[in-house]
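With compact mmCIF, C-alpha atoms inside, this is my_file-v4.txt:
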# COMPACT_ATOMS: atom_id res chain seq x y z
CA MET C 1093 118.13 86.39 94.14
CA ASN C 1094 117.94 89.92 95.54
CA PRO C 1095 119.78 89.83 98.93
CA GLN C 1096 117.31 92.18 100.64
CA TYR C 1097 114.45 90.03 99.44
CA LYS C 1098 116.16 86.85 100.54
CA LYS C 1099 116.76 88.34 103.96
CA GLY C 1100 113.06 89.01 104.50
CA VAL C 1101 112.16 85.47 103.46
CA LEU C 1102 114.90 84.06 105.68
CA GLU C 1103 113.45 85.91 108.66
CA LEU C 1104 110.14 84.26 107.93
CA CYS C 1105 111.82 80.84 107.65
CA VAL C 1106 113.55 81.33 111.00
CA LEU C 1107 110.25 82.26 112.65
CA SER C 1108 108.57 79.27 111.04
CA LEU C 1109 111.22 76.84 112.32
CA LEU C 1110 111.09 78.32 115.81
CA LYS C 1111 107.33 77.97 115.88
CA ARG C 1112 107.82 74.19 115.83
CA ARG C 1113 110.35 74.09 118.65
CA ASP C 1114 113.31 75.93 120.14
CA TYR C 1115 116.56 75.67 118.21
CA TYR C 1116 120.08 76.70 119.00
CA GLY C 1117 121.87 78.98 116.58
CA TYR C 1118 124.08 76.36 115.04
CA GLU C 1119 121.14 74.06 114.27
CA LEU C 1120 119.19 76.86 112.63
CA SER C 1121 122.07 78.07 110.49
CA GLU C 1122 122.89 74.55 109.35
CA TYR C 1123 119.28 73.72 108.57
CA LEU C 1124 118.74 76.88 106.53
CA ALA C 1125 122.09 76.70 104.74
CA ASN C 1126 121.31 73.12 103.72
CA HIS C 1127 117.94 74.05 102.26
CA ILE C 1128 118.49 77.54 100.87
CA ARG C 1129 121.62 78.67 99.10
CA ILE C 1130 123.04 81.15 101.60
CA ALA C 1131 126.31 81.58 103.45
CA VAL C 1132 125.93 79.94 106.86
CA GLY C 1133 127.30 83.04 108.56
CA THR C 1134 124.35 85.18 107.46
CA VAL C 1135 121.84 83.42 109.71
CA TYR C 1136 123.31 84.80 112.95
CA PRO C 1137 122.76 88.46 111.99
CA ILE C 1138 119.13 87.57 111.26
CA LEU C 1139 118.73 85.91 114.64
CA ARG C 1140 120.23 88.96 116.31
CA LYS C 1141 117.91 91.34 114.45
CA LEU C 1142 114.83 89.29 115.34
CA LYS C 1143 115.96 89.23 118.96
CA ASN C 1144 116.46 93.01 118.96
CA ASP C 1145 112.98 93.40 117.47
CA GLY C 1146 111.63 91.43 120.44
CA LEU C 1147 110.40 88.51 118.35
CA LEU C 1148 112.86 86.04 119.89
CA THR C 1149 114.38 85.40 123.31
CA THR C 1150 117.43 83.34 124.12
CA TYR C 1151 118.36 81.05 126.96
CA LEU C 1152 121.42 78.94 127.67
CA GLU C 1153 121.21 75.21 128.22
CA GLU C 1154 124.04 73.00 129.44
CA GLU C 1155 124.72 70.00 127.22
CA SER C 1156 126.71 66.98 128.26
CA GLY C 1157 130.19 67.16 126.78
CA GLY C 1158 130.15 70.55 125.18
CA PRO C 1159 129.72 74.28 125.69
CA PRO C 1160 126.31 75.58 126.84
CA ARG C 1161 124.02 76.03 123.88
CA LYS C 1162 122.23 79.28 123.22
CA TYR C 1163 118.65 78.39 122.38
CA TYR C 1164 116.29 80.69 120.52
CA SER C 1165 112.61 80.77 121.36
CA LEU C 1166 109.65 82.62 119.85
CA THR C 1167 108.07 85.34 122.03
CA SER C 1168 104.34 86.06 121.96
CA SER C 1169 104.92 89.04 119.66
CA GLY C 1170 107.11 86.72 117.58
CA HIS C 1171 104.14 84.37 117.22
CA LYS C 1172 101.88 87.23 116.16
CA GLN C 1173 104.44 88.62 113.73
CA PHE C 1174 104.94 85.17 112.23
CA GLU C 1175 101.23 84.60 111.63
CA LYS C 1176 100.92 88.00 109.98
CA ASP C 1177 104.06 87.68 107.84
CA ARG C 1178 103.13 84.11 106.91
CA ALA C 1179 99.70 85.16 105.64
CA ASP C 1180 101.21 88.13 103.78
CA TYR C 1181 103.88 85.99 102.19
CA LEU C 1182 101.50 83.23 101.11
CA THR C 1183 99.11 85.70 99.50
CA PHE C 1184 102.03 87.38 97.77
CA ALA C 1185 103.56 84.08 96.64
CA ARG C 1186 100.24 82.82 95.27
CA THR C 1187 99.74 86.00 93.28
CA VAL C 1188 103.25 85.80 91.86
CA GLU C 1189 102.77 82.14 91.04
CA GLU C 1190 99.52 82.81 89.23
CA LEU C 1191 101.14 85.62 87.27
CA LEU C 1192 104.09 83.49 86.28
CA GLU C 1193 101.86 80.56 85.31
CA ASP C 1194 99.67 82.82 83.17
CA GLY C 1195 102.69 84.26 81.43
CA HIS C 1196 103.92 80.77 80.73
CA HIS C 1197 100.62 79.68 79.15
CA ASP C 1198 100.43 82.75 76.95
CA GLU C 1199 103.76 81.95 75.39
CA LYS C 1200 102.60 78.52 74.27
CA MET E 582 141.61 81.71 106.42
CA THR E 583 141.83 80.05 109.82
CA LYS E 584 139.28 80.13 112.61
CA ASN E 585 141.30 82.73 114.52
CA GLU E 586 141.70 84.95 111.47
CA PHE E 587 137.99 84.74 110.79
CA LEU E 588 137.03 85.58 114.37
CA SER E 589 139.53 88.43 114.75
CA THR E 590 138.47 89.98 111.42
CA LEU E 591 134.84 89.68 112.47
CA ALA E 592 135.52 91.24 115.88
CA ALA E 593 137.52 94.10 114.35
CA GLU E 594 134.80 94.83 111.78
CA LEU E 595 132.06 94.75 114.40
CA LYS E 596 134.03 97.14 116.61
CA ARG E 597 134.69 99.46 113.67
CA ARG E 598 130.95 99.62 113.04
CA THR E 599 130.37 100.19 116.79
CA ILE E 600 127.91 97.32 116.99
CA ALA E 601 126.74 96.39 120.48
CA ASP E 602 127.55 93.02 122.12
CA THR E 603 130.53 92.28 119.87
CA ASP E 604 131.83 89.61 122.26
CA GLU E 605 128.49 87.83 122.33
CA ILE E 606 128.31 87.75 118.54
CA VAL E 607 131.87 86.51 118.17
CA SER E 608 131.30 83.80 120.78
CA GLU E 609 128.33 82.55 118.79
CA TYR E 610 130.54 82.11 115.72
CA GLU E 611 133.17 80.52 117.92
CA GLN E 612 130.56 77.99 119.03
CA HIS E 613 129.72 77.38 115.41
CA PHE E 614 133.35 76.40 114.81
CA THR E 615 133.29 74.13 117.85
CA PHE E 616 130.19 72.25 116.64
CA LYS E 617 131.47 71.96 113.09
CA MET E 618 134.93 70.84 114.09
CA ALA E 619 133.37 68.18 116.29
CA ASP E 620 131.73 66.87 113.13
CA GLY E 621 135.11 66.58 111.51
CA TYR E 622 135.24 69.68 109.29
CA SER E 623 138.46 71.62 108.85
CA GLU E 624 138.72 75.29 109.79
CA GLU E 625 139.09 76.31 106.13
CA GLU E 626 135.98 74.38 105.13
CA ILE E 627 133.95 75.99 107.90
CA VAL E 628 135.19 79.48 107.02
CA ALA E 629 134.32 78.89 103.36
CA LYS E 630 130.76 77.95 104.31
CA LEU E 631 130.31 80.80 106.77
CA GLY E 632 131.15 83.52 104.26
CA ASP E 633 133.20 86.71 104.33
CA PRO E 634 133.52 88.03 107.93
CA VAL E 635 133.53 91.62 106.63
CA LEU E 636 130.18 91.09 104.90
CA ILE E 637 128.79 89.25 107.92
CA ALA E 638 129.76 92.13 110.21
CA ALA E 639 127.96 94.53 107.87
CA GLN E 640 124.76 92.51 108.31
CA PHE E 641 124.77 93.18 112.04
CA GLU E 642 124.35 96.88 111.28
CA PRO E 643 120.87 97.87 112.44
CA ALA E 644 118.64 98.78 109.49
CA ALA E 645 119.48 102.45 108.77
CA SER E 646 119.43 103.46 112.48
CA ASP E 647 115.67 103.14 112.64
CA PRO E 648 115.06 104.46 116.19
CA ASP E 649 116.90 107.71 115.42
CA LYS E 650 114.92 108.21 112.24
CA LEU E 651 111.67 107.55 114.01
CA ARG E 652 112.56 109.99 116.79
CA THR E 653 113.38 112.77 114.31
CA GLU E 654 110.18 112.04 112.44
CA TRP E 655 108.12 112.37 115.60
CA MET E 656 109.96 115.55 116.52
CA VAL E 657 109.02 117.07 113.16
CA ARG E 658 105.44 115.85 113.53
CA GLY E 659 105.38 117.32 117.04
CA ALA E 660 106.62 120.66 115.73
CA PHE E 661 103.75 120.72 113.25
CA VAL E 662 101.29 119.91 116.03
CA LEU E 663 102.72 122.83 118.04
CA VAL E 664 102.30 125.29 115.17
CA ALA E 665 98.88 123.87 114.25
CA ILE E 666 96.96 126.46 116.30
CA PRO E 667 98.82 129.57 115.03
CA VAL E 668 98.56 128.20 111.50
CA ALA E 669 94.85 127.51 111.92
CA LEU E 670 94.36 131.06 113.27
CA PHE E 671 96.29 132.48 110.33
CA PHE E 672 94.08 130.62 107.88
CA LEU E 673 90.97 131.64 109.84
CA MET E 674 92.09 135.27 109.52
CA LEU E 675 92.49 134.85 105.77
CA ILE E 676 89.05 133.26 105.50
CA VAL E 677 87.43 136.02 107.56
CA THR E 678 89.04 138.58 105.23
CA ALA E 679 87.62 136.72 102.25
CA VAL E 680 84.16 136.71 103.84
CA THR E 681 84.44 140.47 104.50
CA LEU E 682 85.39 141.00 100.88
CA MET E 683 82.35 138.96 99.82
CA ALA E 684 80.12 141.07 102.13
CA PHE E 685 81.42 144.23 100.44
CA ALA E 686 80.69 142.74 97.03
CA LEU E 687 77.13 141.89 98.11
CA ALA E 688 76.63 145.35 99.64
CA PHE E 689 77.68 147.11 96.44
CA GLY E 690 75.51 144.71 94.47
CA ALA E 691 72.53 145.63 96.63
CA LEU E 692 73.34 149.34 96.22
CA ALA E 693 73.43 148.89 92.44
CA VAL E 694 69.99 147.21 92.48
CA ILE E 695 68.50 149.96 94.65
CA LEU E 696 69.92 152.76 92.51
CA LEU E 697 69.01 151.16 89.15
CA ALA E 698 65.51 150.10 90.24
CA GLY E 699 64.90 153.50 91.79
CA ILE E 700 63.69 152.05 95.09
CA ASN E 701 64.91 153.78 98.20
CA ILE E 702 63.92 151.69 101.22
CA TYR E 703 63.45 153.87 104.33
CA SER E 704 65.44 156.63 102.53
CA LEU E 705 68.65 154.78 103.20
CA ILE E 706 70.26 156.30 100.13
CA PRO E 707 70.76 160.10 100.00
CA PRO E 708 68.25 161.61 97.54
CA MET E 709 69.36 162.30 93.97
CA PRO E 710 67.74 162.45 90.53
CA TYR E 711 67.05 158.96 89.17
CA TRP E 712 69.22 159.12 86.04
CA ASN E 713 72.15 160.44 87.99
CA GLY E 714 71.63 157.68 90.55
CA ALA E 715 71.47 155.06 87.80
CA VAL E 716 74.93 156.07 86.59
CA PHE E 717 76.22 155.67 90.13
CA GLY E 718 74.33 152.34 90.21
CA ILE E 719 76.33 151.10 87.22
CA ALA E 720 79.53 152.11 89.02
CA ALA E 721 78.35 150.19 92.11
CA ALA E 722 77.46 147.13 89.99
CA ALA E 723 80.89 147.17 88.33
CA LEU E 724 82.56 147.52 91.73
CA ALA E 725 80.49 144.58 93.04
CA VAL E 726 81.68 142.44 90.11
CA LEU E 727 85.28 143.53 90.69
CA LEU E 728 85.04 142.67 94.41
CA ALA E 729 83.39 139.31 93.66
CA LEU E 730 86.19 138.47 91.22
CA GLY E 731 88.73 139.50 93.85
CA CYS E 732 86.93 137.26 96.29
CA VAL E 733 87.09 134.28 93.92
CA TYR E 734 90.79 134.86 93.34
CA TYR E 735 91.42 135.32 97.04
CA ALA E 736 89.53 132.12 97.93
CA ALA E 737 91.59 130.23 95.34
CA PHE E 738 94.71 131.74 96.86
CA ILE E 739 93.76 130.58 100.38
CA ARG E 740 93.02 127.10 99.08
CA GLN E 741 96.32 126.89 97.22
CA LEU E 742 98.22 128.23 100.23
CA GLY E 743 96.61 125.52 102.37
CA ARG E 744 97.60 122.85 99.88
CA ALA E 745 101.16 124.21 99.63
CA TYR E 746 101.41 124.16 103.42
CA GLY E 747 100.17 120.56 103.53
CA ARG E 748 102.72 119.62 100.91
CA LEU E 749 105.51 121.35 102.82
CA ARG E 750 104.53 119.43 105.93
CA HIS E 751 104.40 116.14 104.01
CA ASN E 752 107.82 116.71 102.46
CA LEU E 753 109.48 117.74 105.71
CA ILE E 754 108.20 114.57 107.37
CA ALA E 755 109.18 112.53 104.30
CA SER E 756 112.70 113.99 104.34
CA VAL E 757 113.31 112.67 107.87
CA SER E 758 111.43 109.39 107.52
CA GLY E 759 112.96 108.57 104.14
CA ALA E 760 109.65 108.48 102.30
CA ALA E 761 109.46 109.80 98.76
CA PRO E 762 108.98 113.61 98.66
CA LEU E 763 106.36 115.13 96.37
CA PRO E 764 106.96 118.22 94.23
CA TYR E 765 106.49 121.49 96.11
CA LEU E 766 103.44 123.59 95.20
CA ALA E 767 103.32 127.24 94.21
CA ILE E 768 101.38 129.42 96.67
CA HIS E 769 99.58 131.53 94.07
CA PRO E 770 96.31 130.21 92.58
CA GLN E 771 96.72 127.79 89.71
CA PHE E 772 93.98 128.66 87.22
CA ALA E 773 93.98 127.22 83.73
CA GLY E 774 95.42 129.69 81.20
CA ARG E 775 91.99 130.40 79.68
CA THR E 776 90.25 130.91 83.04
CA ASN E 777 93.12 133.13 84.13
CA ARG E 778 92.84 135.33 81.03
CA ARG E 779 89.05 135.56 81.40
CA LEU E 780 89.29 136.49 85.06
CA ARG E 781 91.86 139.15 84.30
CA LEU E 782 89.79 140.57 81.42
CA ALA E 783 86.61 140.63 83.52
CA ALA E 784 88.47 142.36 86.37
CA LEU E 785 89.96 144.95 84.02
CA LEU E 786 86.59 145.62 82.31
CA SER E 787 84.73 146.00 85.60
CA PHE E 788 87.43 148.29 86.95
CA VAL E 789 87.32 150.52 83.86
CA LEU E 790 83.49 150.52 83.85
CA CYS E 791 83.42 151.41 87.54
CA ALA E 792 85.92 154.26 87.11
CA ILE E 793 84.22 155.67 84.01
CA SER E 794 80.67 155.53 85.38
CA LEU E 795 81.72 156.98 88.73
CA LEU E 796 83.46 159.84 86.97
CA MET E 797 80.49 160.30 84.64
CA GLY E 798 78.07 160.29 87.58
CA ILE E 799 80.09 163.01 89.31
CA ILE E 800 80.32 165.08 86.12
CA VAL E 801 76.58 164.77 85.49
CA ALA E 802 75.84 165.69 89.10
CA VAL E 803 78.15 168.71 88.98
CA LEU E 804 76.72 169.91 85.68
CA SER E 805 73.06 169.38 86.63
CA THR E 806 73.38 171.10 90.00
CA GLY E 807 75.80 173.76 88.80
CA THR E 808 78.07 173.32 91.80
CA ILE E 809 81.08 171.17 92.58
CA GLU E 810 79.55 170.42 95.95
CA PHE E 811 76.49 168.76 94.42
CA TRP E 812 75.67 166.99 97.67
CA HIS E 813 74.70 170.32 99.21
CA ALA E 814 72.36 171.03 96.31
CA TRP E 815 70.63 167.71 97.03
CA ASN E 816 70.55 168.45 100.78
CA TRP E 817 72.36 165.20 101.55
CA PHE E 818 73.53 166.47 104.90
CA ALA E 819 70.48 168.55 105.73
CA MET E 820 69.76 166.61 108.88
CA VAL E 821 73.30 166.96 110.09
CA MET E 822 73.32 170.69 109.37
CA ALA E 823 69.96 171.23 111.03
CA ARG E 824 71.37 170.04 114.28
Kindly transcribe the structure held in the file into structure tokens.
Amino acid sequence: MNPQYKKGVLELCVLSLLKRRDYYGYELSEYLANHIRIAVGTVYPILRKLKNDGLLTTYLEEESGGPPRKYYSLTSSGHKQFEKDRADYLTFARTVEELLEDGHHDEK
Amino acid sequence: MTKNEFLSTLAAELKRRTIADTDEIVSEYEQHFTFKMADGYSEEEIVAKLGDPVLIAAQFEPAASDPDKLRTEWMVRGAFVLVAIPVALFFLMLIVTAVTLMAFALAFGALAVILLAGINIYSLIPPMPYWNGAVFGIAAAALAVLLALGCVYYAAFIRQLGRAYGRLRHNLIASVSGAAPLPYLAIHPQFAGRTNRRLRLAALLSFVLCAISLLMGIIVAVLSTGTIEFWHAWNWFAMVMAR
């Protein structure tokens, strides 16, 4: 898959996960790498970009028996951006799906 | 590759790309190793899953230095806002010139009608024999056509110049914002080949007709009055001389 394209979708996935609850970086990268075929290391740059764009904030939380974990949390503009990108993506995906389905039927 | 090799390569690459908060980024990957190793993975396994540190560092590069681009774009836009008034005045001047040209065309048209119809409202036109005046009327009509054609061409020129300026502005902004530039436009009017030939022919004909009939009018006047200074024979400046 086109890396640029994948990156945009990954951003959307990160926002979607963080809408449910706050995650720490490791959790997010593991979750995404287990579901989508990407190198684990590529999730952190995405988190950083989203944070620089003001869509995410971070906070540290002490855990028993381990280093403090850096949690990521959606900001209000992150929520807005997610709703917008989600709607855009779903419309886009539906259109693509319809197109691909049509093409498939024609061949039969 | 070991954990330390991975982290030092990553740190070196991030520094080389002058990316902010290098230590913070590296510590996040360090934490990743800590979590993974607690789950029983080896350093090599973790590195293999993380990916190439050189490629990872490249992904921390901000997307094509967006803030800089945006600033330059707004500077260019601002420059165009600053020159907007002089440019608008320049175009206004051109338009006023076109209107003046049109007024001249209309005036000569009116003169042609008066001379050819033989009506002299309030004796605005100096007295002269009708047939002589009619020849001058043809010259005036031809001149009116020539001026009207000039006006059409000039108006097309102003319009094209405006479009070319708009295109220049668009392309300058596009060149700093990274948008696709459009082809530049010529500043002279773009008539279709046929229209262009017709306009040129009409202009040439009206010019020749104007010159010939003016010359003929003068010759007829000189011959009929028997003097080069035919205007004296017709008492054109009688009122002025009486003073």
Interatomic distance (Å, one decimal) between CA of Leu1152 in chain C and CA of Leu636 in chain E:
27.3 Å
Leaving out Ala688 in chain E and any residue of its chain fewer than 2 positions from it, which residues lie within 12 Å of it when counting only C-alpha atoms, given as JSON, numbers by chain?
{"E": [681, 682, 683, 684, 685, 686, 690, 691, 692, 693, 694, 695, 718, 721, 722, 724, 725, 726, 728, 729]}
Restricting the output to C-alpha atoms, write the selected residues as a PDB file, in the coordinates of the input.
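And here is the file that came out, result-v7.pdb:
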ATOM      1  CA  THR E 681      84.440 140.470 104.500  1.00  0.00           C
ATOM      2  CA  LEU E 682      85.390 141.000 100.880  1.00  0.00           C
ATOM      3  CA  MET E 683      82.350 138.960  99.820  1.00  0.00           C
ATOM      4  CA  ALA E 684      80.120 141.070 102.130  1.00  0.00           C
ATOM      5  CA  PHE E 685      81.420 144.230 100.440  1.00  0.00           C
ATOM      6  CA  ALA E 686      80.690 142.740  97.030  1.00  0.00           C
ATOM      7  CA  GLY E 690      75.510 144.710  94.470  1.00  0.00           C
ATOM      8  CA  ALA E 691      72.530 145.630  96.630  1.00  0.00           C
ATOM      9  CA  LEU E 692      73.340 149.340  96.220  1.00  0.00           C
ATOM     10  CA  ALA E 693      73.430 148.890  92.440  1.00  0.00           C
ATOM     11  CA  VAL E 694      69.990 147.210  92.480  1.00  0.00           C
ATOM     12  CA  ILE E 695      68.500 149.960  94.650  1.00  0.00           C
ATOM     13  CA  GLY E 718      74.330 152.340  90.210  1.00  0.00           C
ATOM     14  CA  ALA E 721      78.350 150.190  92.110  1.00  0.00           C
ATOM     15  CA  ALA E 722      77.460 147.130  89.990  1.00  0.00           C
ATOM     16  CA  LEU E 724      82.560 147.520  91.730  1.00  0.00           C
ATOM     17  CA  ALA E 725      80.490 144.580  93.040  1.00  0.00           C
ATOM     18  CA  VAL E 726      81.680 142.440  90.110  1.00  0.00           C
ATOM     19  CA  LEU E 728      85.040 142.670  94.410  1.00  0.00           C
ATOM     20  CA  ALA E 729      83.390 139.310  93.660  1.00  0.00           C
TER      21      ALA E 729
END
So, counting only C-alpha atoms, which residue among E:Ala619, E:Val657, E:Val680, E:Ala792 is closest to chain C?
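Ranking E:Ala619, E:Val657, E:Val680, E:Ala792 by distance to chain C, first place goes to E:Ala619.
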Could you please select, counting all atoms listed in the file, the residues of chain E within 10 Å of chain C and state them as number ranges by chain?
E: 606, 609-610, 612-617, 619, 627-634, 636-644
Could you jot down the CA of Leu780 in chain E to CA of Leu670 in chain E separation for me, Å, one decimal place?
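Going from CA of Leu780 in chain E over to CA of Leu670 in chain E, I get 29.2 Å.
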Quick one: residues within 10 Å of Trp712 in chain E, all atoms listed in the file counted, chain neighbours fewer than 5 positions away excluded, as a PyMOL selection string?
chain E and resi 696-697+699+717-718+798+801-802
What would the file look like if the residues just selected were written as a PDB file, in the coordinates of the input with C-alpha atoms?
ATOM      1  CA  LEU E 696      69.920 152.760  92.510  1.00  0.00           C
ATOM      2  CA  LEU E 697      69.010 151.160  89.150  1.00  0.00           C
ATOM      3  CA  GLY E 699      64.900 153.500  91.790  1.00  0.00           C
ATOM      4  CA  PHE E 717      76.220 155.670  90.130  1.00  0.00           C
ATOM      5  CA  GLY E 718      74.330 152.340  90.210  1.00  0.00           C
ATOM      6  CA  GLY E 798      78.070 160.290  87.580  1.00  0.00           C
ATOM      7  CA  VAL E 801      76.580 164.770  85.490  1.00  0.00           C
ATOM      8  CA  ALA E 802      75.840 165.690  89.100  1.00  0.00           C
TER       9      ALA E 802
END
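If you look at CA of Thr583 in chain E and CA of Glu625 in chain E, they are 5.9 Å away from each other.
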Nearest residue to Leu790 in chain E out of E:Ile719, E:Ile739, E:Ala669, E:Ile768, using all atoms listed in the file?
E:Ile719
Write out as a PyMOL selection string which residues come within 12 Å of Ala1179 in chain C when counting only C-alpha atoms, dropping same-chain ones fewer than 6 positions away.
chain C and resi 1104+1108+1172-1173+1185-1186
Nearest to Lys1143 in chain C: which of C:Leu1166, C:Leu1120, C:Leu1102, C:Val1188 is it, counting only C-alpha atoms?
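Closest candidate: C:Leu1166.
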May I have the residues at most 12 Å from (106.2, 115.5, 102.4) in the file's coordinates, counting all atoms listed in the file, as a PyMOL selection string?
chain E and resi 654+657-658+744-766
